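Novice: Before we start, here is the structure in question, set down as structure tokens.
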Amino acid sequence: MGQLIDDIVGTANSFVSNFSDKGNFDYSINSLVEVDDLLDEMSDYALDEDTIYNIYTMIGSYVFETARRNYGGKYYWLQDEQQP
């Protein structure tokens with residue numbers, strides 16, 4: 001479990017670092033509006049599969065971590081689905 005939370009938090013922090021010029025990603029619920037705006041902006045670009053995977057992994061981790069910080073909870077790995 002410690003590894004999972006470290007991975008999600010680290011990936012969320014990577015999102016914040018990599019996209020800090022695109023919004024105020026401060027783990028607040030309001031920052032999710034900026035995430036939505038960023039996704040809308042990104043839909044205008046043709047991106048390769050690796051880039052898409054990296055972006056959705058970072059954004060997904062940021063959304064999970066924003067929810068955890070604001071509402072509490074724990075991360076669990078779903079073995080059957082191979083995802084948190």
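For the structure tokens, the naming scheme is as follows: chains receive sequential letters (A, B, ...) according to their order of presentation, residues are indexed from 1 within each chain, and ligands are indexed from 1 in presentation order.
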Where in chain A does DSSP assign helix (DSSP H, G or I), given as a PyMOL selection string?

Specialist: chain A and resi 2-18+20-22+31-42+49-71

Novice: List as an mmCIF file with N, CA and C atoms, in the first residue's frame the protein and nucleic acid residues near A:Ala67, meaning an atom at most 12 Å away when only C-alpha atoms are counted, but skip any in the same chain fewer than 5 places from it.

Specialist:
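Resulting contents of selection-v7.cif:
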```cif
data_model
loop_
_atom_site.group_PDB
_atom_site.id
_atom_site.type_symbol
_atom_site.label_atom_id
_atom_site.label_comp_id
_atom_site.auth_asym_id
_atom_site.auth_seq_id
_atom_site.Cartn_x
_atom_site.Cartn_y
_atom_site.Cartn_z
ATOM 1 N N VAL A 9 1.006 9.794 -5.579
ATOM 2 C CA VAL A 9 1.397 11.150 -5.173
ATOM 3 C C VAL A 9 2.539 11.656 -6.056
ATOM 4 N N ALA A 12 1.123 12.496 -9.459
ATOM 5 C CA ALA A 12 0.331 13.727 -9.362
ATOM 6 C C ALA A 12 1.245 14.943 -9.270
ATOM 7 N N ASP A 26 -3.311 23.203 -7.398
ATOM 8 C CA ASP A 26 -2.984 23.246 -5.969
ATOM 9 C C ASP A 26 -3.726 22.183 -5.158
ATOM 10 N N TYR A 27 -4.253 21.186 -5.834
ATOM 11 C CA TYR A 27 -4.985 20.084 -5.200
ATOM 12 C C TYR A 27 -6.304 20.533 -4.578
ATOM 13 N N SER A 28 -6.814 21.667 -4.996
ATOM 14 C CA SER A 28 -8.132 22.100 -4.534
ATOM 15 C C SER A 28 -9.188 21.537 -5.483
ATOM 16 N N ILE A 29 -10.412 21.447 -4.991
ATOM 17 C CA ILE A 29 -11.507 20.984 -5.841
ATOM 18 C C ILE A 29 -11.676 21.932 -7.027
ATOM 19 N N ASN A 30 -11.513 23.234 -6.794
ATOM 20 C CA ASN A 30 -11.642 24.205 -7.882
ATOM 21 C C ASN A 30 -10.602 24.004 -8.973
ATOM 22 N N SER A 31 -9.443 23.443 -8.625
ATOM 23 C CA SER A 31 -8.405 23.230 -9.641
ATOM 24 C C SER A 31 -8.832 22.181 -10.667
ATOM 25 N N LEU A 32 -9.823 21.364 -10.329
ATOM 26 C CA LEU A 32 -10.294 20.357 -11.280
ATOM 27 C C LEU A 32 -10.962 21.000 -12.489
ATOM 28 N N GLY A 60 -4.947 11.506 -14.123
ATOM 29 C CA GLY A 60 -5.720 10.599 -13.265
ATOM 30 C C GLY A 60 -5.183 10.585 -11.848
ATOM 31 N N SER A 61 -3.876 10.550 -11.708
ATOM 32 C CA SER A 61 -3.266 10.579 -10.374
ATOM 33 C C SER A 61 -3.563 11.895 -9.674
ATOM 34 N N TYR A 62 -3.524 12.990 -10.418
ATOM 35 C CA TYR A 62 -3.827 14.295 -9.823
ATOM 36 C C TYR A 62 -5.278 14.335 -9.334
ATOM 37 N N GLY A 72 -10.526 12.655 1.998
ATOM 38 C CA GLY A 72 -9.987 11.520 2.737
ATOM 39 C C GLY A 72 -10.065 10.247 1.915
ATOM 40 N N GLY A 73 -9.677 9.173 2.532
ATOM 41 C CA GLY A 73 -9.739 7.885 1.867
ATOM 42 C C GLY A 73 -8.371 7.260 1.708
ATOM 43 N N LYS A 74 -8.381 6.064 1.156
ATOM 44 C CA LYS A 74 -7.160 5.294 0.932
ATOM 45 C C LYS A 74 -7.174 4.757 -0.487
ATOM 46 N N TYR A 75 -5.986 4.465 -0.966
ATOM 47 C CA TYR A 75 -5.856 3.853 -2.284
ATOM 48 C C TYR A 75 -5.771 2.342 -2.137
#
```

Novice: To one decimal place in Å, what is the distance between atom CA of A:Trp77 and atom CA of A:Phe25?

Specialist: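 Distance reported for this atom pair: 25.2 Å.
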
Novice: Choose the residue, out of A:Gln3, A:Tyr76, A:Tyr45, A:Asp40, that has the smallest atom-to-atom separation from A:Phe64; count only C-alpha atoms.

Specialist: A:Tyr76

Novice: At what distance in Å, to one decimal, does atom CA of A:Asn18 lie from atom CA of A:Asp37?

Specialist: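 Distance between the two atoms: 15.7 Å.
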
Novice: If I take atom CA of A:Thr66 and atom CA of A:Val16, how far is one from the other in Å, to one decimal?

Specialist: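 Going from atom CA of A:Thr66 over to atom CA of A:Val16, I get 11.4 Å.
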
Novice: Rank nothing, just name the residue among A:Ile55, A:Tyr71, A:Glu65, A:Glu41 nearest to A:Leu4, using only C-alpha atoms.

Specialist: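 For A:Leu4, the nearest of the given residues is A:Glu65.
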
Novice: Taking only C-alpha atoms into account, name the residue in A:Ile8, A:Asp50, A:Ser43, A:Gly23 that is nearest to A:Gln83.

Specialist: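 Counting only C-alpha atoms, the residue closest to A:Gln83 is A:Ile8.
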
Novice: Set the distance at 12 Å and use only C-alpha atoms: which residues neighbour A:Met42 once local chain neighbours fewer than 4 positions away are removed? I'd like the list as a list in words.

Specialist: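 Selected residues are Phe19, Lys22, Val35, Asp36, Asp37, Leu38, Ala46, Leu47, Thr51, Ile52, Ile55 and Tyr56 of chain A.
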